[in-house]
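Asks: One structure, as structure tokens, below. Some questions next.
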Amino acid sequence: MTEPDPALQRWRLVLGEPASTLCPEGLSQGATEQDNTLNWLYGRDPDNTKRDLRGGTGDSDLTTVDWLDNVHRLFPKETIERLERDAVERYQIDDVVTNPEVLARVEPNQALLGAVLRTKHLMNPEVLALARRIVEHVVRELLEKLRTEVRVSFHGTRVRRPSNIPLARNFDFRGTIKANLGHYRPEDKRLVIERPRFHSRARKHVEQWQLVLLVDQSGSMVDSVIHSAVTAACLWGLPGLRTHLIAFDTNVVDLTADVTDPVELLMKVQLGGGTNIAKAVQYGAGLITTPRRSIVALISDFYEGGDSERLVGLVRALCQQGTEFLGLAALDSEATPNYDREMGKRLVGVGAHVGAMTPGQLADFVAERIGR
């Protein structure tokens with residue numbers, strides 16, 4: 001029997017049962033198992049049902065645990081993460097994060113963290129303890145990444161003053177060349193460095209600034225909640241900056257006391273509910289002690305469920321008193337904007353900066369304002 005062409009088999013797996021003519025001789029045993037596993041998930045797509053498309057011929061009675069075992073056995077890591085993400089985000093297979101057997105097997109990633117935050121109110125203490133493992137793992141990875149970005153943003157800048165401390169990162173290339181031109185040897189085309197030059201690296205004295213992060217905790221903003229919590233933890237304690245973290249829906253909750261422990265903070269967040277942005281902005285405004293050395297960052301989709309005129313008025317008043325107001329439509333690693341553009345335009349019209357910003361870009365913005 002002729003072995004199926006591997007490239008055609010991959011296309012057959014991607015396209016599903018309608019592409020069975022690509023492999024008229026059928027799939028290999030391994031590819032058949034992969035096809036059945038993919039069909040367990042993607043076979044529930046409503047578009048397939050409408051067109052009466054059915055992929056795979058394997059056992060349709062697979063449990064989530066069985067399916068997850070197959071996924072980890074049959075696919076590479078990057079595919080596993082995509083399949084698990086689609087299971088929880090696209091098809092809302094909640095037992096991926098509420099079944100202790102499944103939780104013990106899953107590979108922690110941000111999609112699963114988001115699913116945990118959306119469903120933790122359904123979990124008993126045993127499951128919640130297992131789910132916390134996912135939260136801790138993902139938060140640790142995000143902290144490592146964002147701390148590096150924040151450190152770069154807030155690192156002291158080199159100044160044009162010579163230093164006697166020979167540190168490689170402060171090496172003055174141009175100054176060294178100029179100082180040693182007299183030692184150039186034309187016969188072998190080499191410049192002998194007798195006096196290396198170095199810059200000083202110093203941080204300007206900065207006055208105390210405030211950063212107030214207002215985070216929409218409605219269900220659609222789960223990525224922003226995650227990254228805001230981790231970003232606030234990275235910014236906490238930096239010289240010259242006092243950070244506040246406020247979560248809101250129709251209520252306002254001050255989470256500043258938990259900023260140093262983003263895992264605990266995220267476990268307290270309650271996603272969902274309505275949205276009253278004006279109420280949150282008013283609370284944030286009440287925290288400001290020095291308006292001209294303050295930044296208010298509103299992380300939301302700007303769909304106001306409360307009084308939109310009041311929201312615009314509050315933002316106008318903050319901008320007029322000299323406070324920097326940022327309206328961030330996204331605060332995830334991809335900074336994908338999804339927001340009420342009409343409200344965004346209105347906020348820009350009264351002096352706000354509105355757009356999409358990654359956590360690293362937010363750190364850059366804050367560092368630039370504090371250091372100028």
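Every chain in the structure tokens has a letter given in the order shown (A, B, ...), and although residue numbers restart at 1 in each chain, ligands are simply numbered from 1 in the order shown.
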Give the strand (DSSP E or B) residues of stretch 225-368 of chain A, as assigned by DSSP on the backbone, as number ranges by chain.
Replies: A: 241-248, 252-254, 294-299, 324-328, 353-355
Asks: For the residues selected in the previous step, produce a file with N, CA, C and O atoms as a compact mmCIF listing (two decimals), in the first residue's frame.
Replies:
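Dumped everything to out-v4.txt:
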```
# COMPACT_ATOMS: atom_id res chain seq x y z
N LEU A 241 7.83 57.68 41.23
CA LEU A 241 6.52 57.28 40.73
C LEU A 241 5.70 56.60 41.82
O LEU A 241 6.18 55.67 42.49
N ARG A 242 4.47 57.06 42.00
CA ARG A 242 3.52 56.40 42.90
C ARG A 242 2.38 55.87 42.05
O ARG A 242 1.72 56.62 41.34
N THR A 243 2.17 54.56 42.11
CA THR A 243 1.22 53.89 41.22
C THR A 243 -0.04 53.48 41.97
O THR A 243 0.04 52.96 43.09
N HIS A 244 -1.18 53.72 41.35
CA HIS A 244 -2.47 53.26 41.86
C HIS A 244 -3.11 52.36 40.81
O HIS A 244 -3.00 52.62 39.60
N LEU A 245 -3.80 51.31 41.24
CA LEU A 245 -4.52 50.43 40.31
C LEU A 245 -5.96 50.32 40.75
O LEU A 245 -6.26 49.86 41.86
N ILE A 246 -6.85 50.75 39.87
CA ILE A 246 -8.29 50.76 40.16
C ILE A 246 -9.00 49.91 39.11
O ILE A 246 -8.82 50.12 37.91
N ALA A 247 -9.81 48.95 39.56
CA ALA A 247 -10.64 48.15 38.65
C ALA A 247 -12.08 48.63 38.77
O ALA A 247 -12.52 49.04 39.85
N PHE A 248 -12.81 48.56 37.66
CA PHE A 248 -14.19 49.04 37.72
C PHE A 248 -15.07 48.28 36.74
O PHE A 248 -14.63 47.75 35.73
N VAL A 252 -16.48 50.53 41.68
CA VAL A 252 -15.06 50.87 41.62
C VAL A 252 -14.36 50.19 42.79
O VAL A 252 -14.81 50.31 43.93
N VAL A 253 -13.27 49.47 42.49
CA VAL A 253 -12.52 48.78 43.53
C VAL A 253 -11.06 49.21 43.46
O VAL A 253 -10.42 49.07 42.40
N ASP A 254 -10.54 49.72 44.56
CA ASP A 254 -9.14 50.14 44.62
C ASP A 254 -8.28 48.93 45.00
O ASP A 254 -8.38 48.40 46.11
N SER A 294 0.86 64.27 37.23
CA SER A 294 0.00 63.08 37.33
C SER A 294 -0.40 62.57 35.96
O SER A 294 -0.56 63.36 35.01
N ILE A 295 -0.53 61.25 35.85
CA ILE A 295 -0.98 60.60 34.63
C ILE A 295 -2.13 59.68 34.99
O ILE A 295 -2.02 58.86 35.91
N VAL A 296 -3.25 59.84 34.30
CA VAL A 296 -4.38 58.92 34.46
C VAL A 296 -4.47 58.10 33.18
O VAL A 296 -4.60 58.65 32.09
N ALA A 297 -4.36 56.79 33.32
CA ALA A 297 -4.46 55.89 32.16
C ALA A 297 -5.73 55.07 32.28
O ALA A 297 -5.86 54.23 33.18
N LEU A 298 -6.67 55.33 31.39
CA LEU A 298 -7.94 54.60 31.36
C LEU A 298 -7.83 53.48 30.35
O LEU A 298 -7.66 53.72 29.15
N ILE A 299 -7.92 52.24 30.82
CA ILE A 299 -7.82 51.07 29.94
C ILE A 299 -9.23 50.51 29.78
O ILE A 299 -9.77 49.89 30.70
N GLU A 324 -2.02 64.55 32.62
CA GLU A 324 -1.94 63.77 31.38
C GLU A 324 -3.01 62.68 31.43
O GLU A 324 -3.02 61.87 32.37
N PHE A 325 -3.88 62.64 30.43
CA PHE A 325 -4.94 61.62 30.40
C PHE A 325 -4.73 60.72 29.18
O PHE A 325 -4.74 61.20 28.04
N LEU A 326 -4.54 59.42 29.45
CA LEU A 326 -4.38 58.44 28.37
C LEU A 326 -5.62 57.56 28.30
O LEU A 326 -6.02 56.98 29.31
N GLY A 327 -6.18 57.43 27.11
CA GLY A 327 -7.25 56.47 26.89
C GLY A 327 -6.69 55.31 26.09
O GLY A 327 -6.39 55.45 24.91
N LEU A 328 -6.47 54.18 26.75
CA LEU A 328 -5.81 53.04 26.11
C LEU A 328 -6.86 52.00 25.71
O LEU A 328 -7.50 51.38 26.57
N HIS A 353 -5.08 61.75 25.20
CA HIS A 353 -4.38 60.96 24.21
C HIS A 353 -5.11 59.61 24.14
O HIS A 353 -5.26 58.95 25.17
N VAL A 354 -5.54 59.20 22.97
CA VAL A 354 -6.29 57.95 22.84
C VAL A 354 -5.64 57.07 21.78
O VAL A 354 -5.27 57.54 20.70
N GLY A 355 -5.49 55.79 22.07
CA GLY A 355 -4.92 54.87 21.11
C GLY A 355 -4.67 53.51 21.75
O GLY A 355 -5.27 53.18 22.76
```
Asks: Kindly indicate which residue among A:Leu181, A:Val14, A:Val281, A:Leu130 lies nearest to A:Val106, using only C-alpha atoms for the distances.
Replies: A:Leu130
Asks: Any idea what the distance is between atom CA of A:Asp66 and atom CA of A:Ile93?
Replies: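 Between atom CA of A:Asp66 and atom CA of A:Ile93 the gap works out to 13.8 Å.
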Asks: Have a look at A:Asn99, A:Gln282, A:Thr64, A:Asn109 and name the one nearest to A:Arg85; count only C-alpha atoms.
Replies: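 For A:Arg85, the nearest of the candidates is A:Asn109.
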Asks: Tell me which of A:Glu89, A:Asp95, A:Glu126, A:Asp69 sits closest to A:Glu107, counting only C-alpha atoms.
Replies: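 Answer, going by the shortest atom-to-atom distance: A:Asp69.
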Asks: Can you tell me which residues surround A:Asn276 at a distance of at most 7 Å, considering only C-alpha atoms, apart from same-chain residues fewer than 3 positions away, and format the answer as JSON, numbers by chain?
Replies: {"A": [249, 250, 279, 280, 304, 305, 306]}
Asks: Would you export the selected residues with N, CA, C and O atoms as a JSON list (two decimals), in the first residue's frame, please?
Replies:
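Printed below is selection.json as written:
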```json
[["chain", "number", "residue", "atom", "x", "y", "z"],
["A", 249, "ASP", "N", -16.35, 48.21, 37.07],
["A", 249, "ASP", "CA", -17.45, 47.88, 36.14],
["A", 249, "ASP", "C", -18.50, 48.92, 36.44],
["A", 249, "ASP", "O", -18.31, 50.08, 36.10],
["A", 250, "THR", "N", -19.61, 48.56, 37.11],
["A", 250, "THR", "CA", -20.50, 49.61, 37.62],
["A", 250, "THR", "C", -20.07, 50.06, 39.00],
["A", 250, "THR", "O", -20.54, 51.06, 39.51],
["A", 279, "LYS", "N", -17.71, 57.05, 36.65],
["A", 279, "LYS", "CA", -17.57, 56.82, 38.10],
["A", 279, "LYS", "C", -16.11, 56.50, 38.44],
["A", 279, "LYS", "O", -15.58, 56.98, 39.44],
["A", 280, "ALA", "N", -15.46, 55.69, 37.60],
["A", 280, "ALA", "CA", -14.06, 55.34, 37.83],
["A", 280, "ALA", "C", -13.15, 56.55, 37.65],
["A", 280, "ALA", "O", -12.20, 56.76, 38.43],
["A", 304, "GLU", "N", -19.41, 53.48, 27.22],
["A", 304, "GLU", "CA", -19.88, 53.98, 28.51],
["A", 304, "GLU", "C", -21.31, 53.53, 28.77],
["A", 304, "GLU", "O", -22.21, 53.81, 27.98],
["A", 305, "GLY", "N", -21.50, 52.82, 29.88],
["A", 305, "GLY", "CA", -22.85, 52.40, 30.28],
["A", 305, "GLY", "C", -23.51, 53.41, 31.18],
["A", 305, "GLY", "O", -24.70, 53.29, 31.49],
["A", 306, "GLY", "N", -22.73, 54.41, 31.64],
["A", 306, "GLY", "CA", -23.27, 55.45, 32.50],
["A", 306, "GLY", "C", -23.54, 56.73, 31.72],
["A", 306, "GLY", "O", -24.08, 56.70, 30.61]]
```
Asks: What's the 10 Å shell around A:Val350, counting only C-alpha atoms, without same-chain residues fewer than 3 positions away, as a list in words?
Replies: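 The residues satisfying every condition are Val312, Gly313, Leu314, Val315, Arg316, Ala317, Leu318, Cys319, Gln320, Lys345, Arg346, Leu347 and His353 of chain A.
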Asks: Could you write out the selected residues, including all heavy atoms, as a CSV table (one decimal), in the first residue's frame?
Replies:
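Output (part34.csv):
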```
chain,number,residue,atom,x,y,z
A,312,VAL,N,-17.0,62.8,29.6
A,312,VAL,CA,-16.3,63.8,28.8
A,312,VAL,C,-15.9,65.0,29.6
A,312,VAL,O,-14.8,65.5,29.5
A,312,VAL,CB,-17.1,64.2,27.5
A,312,VAL,CG1,-16.4,65.3,26.7
A,312,VAL,CG2,-17.3,63.0,26.6
A,313,GLY,N,-16.9,65.4,30.4
A,313,GLY,CA,-16.6,66.6,31.3
A,313,GLY,C,-15.5,66.4,32.3
A,313,GLY,O,-14.7,67.2,32.5
A,314,LEU,N,-15.5,65.2,32.9
A,314,LEU,CA,-14.5,64.9,33.8
A,314,LEU,C,-13.1,64.8,33.2
A,314,LEU,O,-12.1,65.3,33.8
A,314,LEU,CB,-14.8,63.5,34.5
A,314,LEU,CG,-15.9,63.5,35.5
A,314,LEU,CD1,-16.3,62.0,35.8
A,314,LEU,CD2,-15.5,64.2,36.8
A,315,VAL,N,-13.0,64.2,32.0
A,315,VAL,CA,-11.7,64.2,31.3
A,315,VAL,C,-11.3,65.6,30.9
A,315,VAL,O,-10.1,65.9,31.0
A,315,VAL,CB,-11.8,63.2,30.1
A,315,VAL,CG1,-10.5,63.3,29.2
A,315,VAL,CG2,-12.1,61.8,30.5
A,316,ARG,N,-12.2,66.4,30.5
A,316,ARG,CA,-11.9,67.8,30.1
A,316,ARG,C,-11.3,68.5,31.3
A,316,ARG,O,-10.2,69.2,31.2
A,316,ARG,CB,-13.1,68.5,29.6
A,316,ARG,CG,-12.8,70.0,29.3
A,316,ARG,CD,-14.1,70.8,29.0
A,316,ARG,NE,-14.7,70.4,27.8
A,316,ARG,CZ,-15.9,69.7,27.7
A,316,ARG,NH1,-16.5,69.4,28.8
A,316,ARG,NH2,-16.4,69.4,26.6
A,317,ALA,N,-11.9,68.3,32.5
A,317,ALA,CA,-11.4,69.0,33.7
A,317,ALA,C,-10.0,68.5,34.1
A,317,ALA,O,-9.2,69.3,34.5
A,317,ALA,CB,-12.4,68.8,34.8
A,318,LEU,N,-9.8,67.2,33.9
A,318,LEU,CA,-8.4,66.7,34.3
A,318,LEU,C,-7.4,67.3,33.3
A,318,LEU,O,-6.3,67.7,33.8
A,318,LEU,CB,-8.4,65.2,34.2
A,318,LEU,CG,-9.1,64.4,35.3
A,318,LEU,CD1,-9.3,62.9,34.9
A,318,LEU,CD2,-8.2,64.5,36.6
A,319,CYS,N,-7.7,67.3,32.1
A,319,CYS,CA,-6.7,67.9,31.1
A,319,CYS,C,-6.5,69.4,31.3
A,319,CYS,O,-5.3,69.9,31.2
A,319,CYS,CB,-7.2,67.6,29.7
A,319,CYS,SG,-7.3,65.9,29.2
A,320,GLN,N,-7.5,70.1,31.6
A,320,GLN,CA,-7.4,71.6,31.9
A,320,GLN,C,-6.5,71.9,33.1
A,320,GLN,O,-5.9,72.9,33.1
A,320,GLN,CB,-8.8,72.2,32.0
A,320,GLN,CG,-9.5,72.3,30.7
A,320,GLN,CD,-10.9,72.8,30.8
A,320,GLN,OE1,-11.5,72.9,31.9
A,320,GLN,NE2,-11.5,73.2,29.7
A,345,LYS,N,-12.9,59.8,19.9
A,345,LYS,CA,-12.8,61.1,19.3
A,345,LYS,C,-13.2,62.2,20.2
A,345,LYS,O,-12.5,63.3,20.3
A,345,LYS,CB,-13.6,61.2,18.0
A,345,LYS,CG,-13.1,60.3,16.9
A,345,LYS,CD,-14.0,60.4,15.7
A,345,LYS,CE,-13.6,59.5,14.5
A,345,LYS,NZ,-14.5,59.5,13.4
A,346,ARG,N,-14.2,62.0,21.0
A,346,ARG,CA,-14.7,63.0,21.9
A,346,ARG,C,-13.7,63.3,23.0
A,346,ARG,O,-13.4,64.4,23.4
A,346,ARG,CB,-16.0,62.6,22.5
A,346,ARG,CG,-17.2,62.6,21.5
A,346,ARG,CD,-18.5,62.2,22.2
A,346,ARG,NE,-18.9,63.3,23.1
A,346,ARG,CZ,-20.0,63.2,23.9
A,346,ARG,NH1,-20.7,62.1,24.0
A,346,ARG,NH2,-20.3,64.2,24.7
A,347,LEU,N,-13.0,62.2,23.5
A,347,LEU,CA,-12.0,62.4,24.5
A,347,LEU,C,-10.8,63.1,24.0
A,347,LEU,O,-10.2,63.9,24.7
A,347,LEU,CB,-11.6,61.0,25.1
A,347,LEU,CG,-12.7,60.3,25.8
A,347,LEU,CD1,-12.2,58.9,26.4
A,347,LEU,CD2,-13.4,61.1,26.9
A,353,HIS,N,-5.1,61.7,25.2
A,353,HIS,CA,-4.4,61.0,24.2
A,353,HIS,C,-5.1,59.6,24.1
A,353,HIS,O,-5.3,59.0,25.2
A,353,HIS,CB,-2.9,60.7,24.6
A,353,HIS,CG,-2.2,61.9,24.9
A,353,HIS,ND1,-1.5,62.7,24.0
A,353,HIS,CD2,-1.9,62.6,26.1
A,353,HIS,CE1,-0.9,63.7,24.6
A,353,HIS,NE2,-1.2,63.7,25.9
```
Asks: Taking only C-alpha atoms into account, name the residue in A:Asp86, A:Asp307, A:Glu136, A:Glu194 that is nearest to A:Ile226.
Replies: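 So, comparing all the options, the nearest one is A:Glu136.
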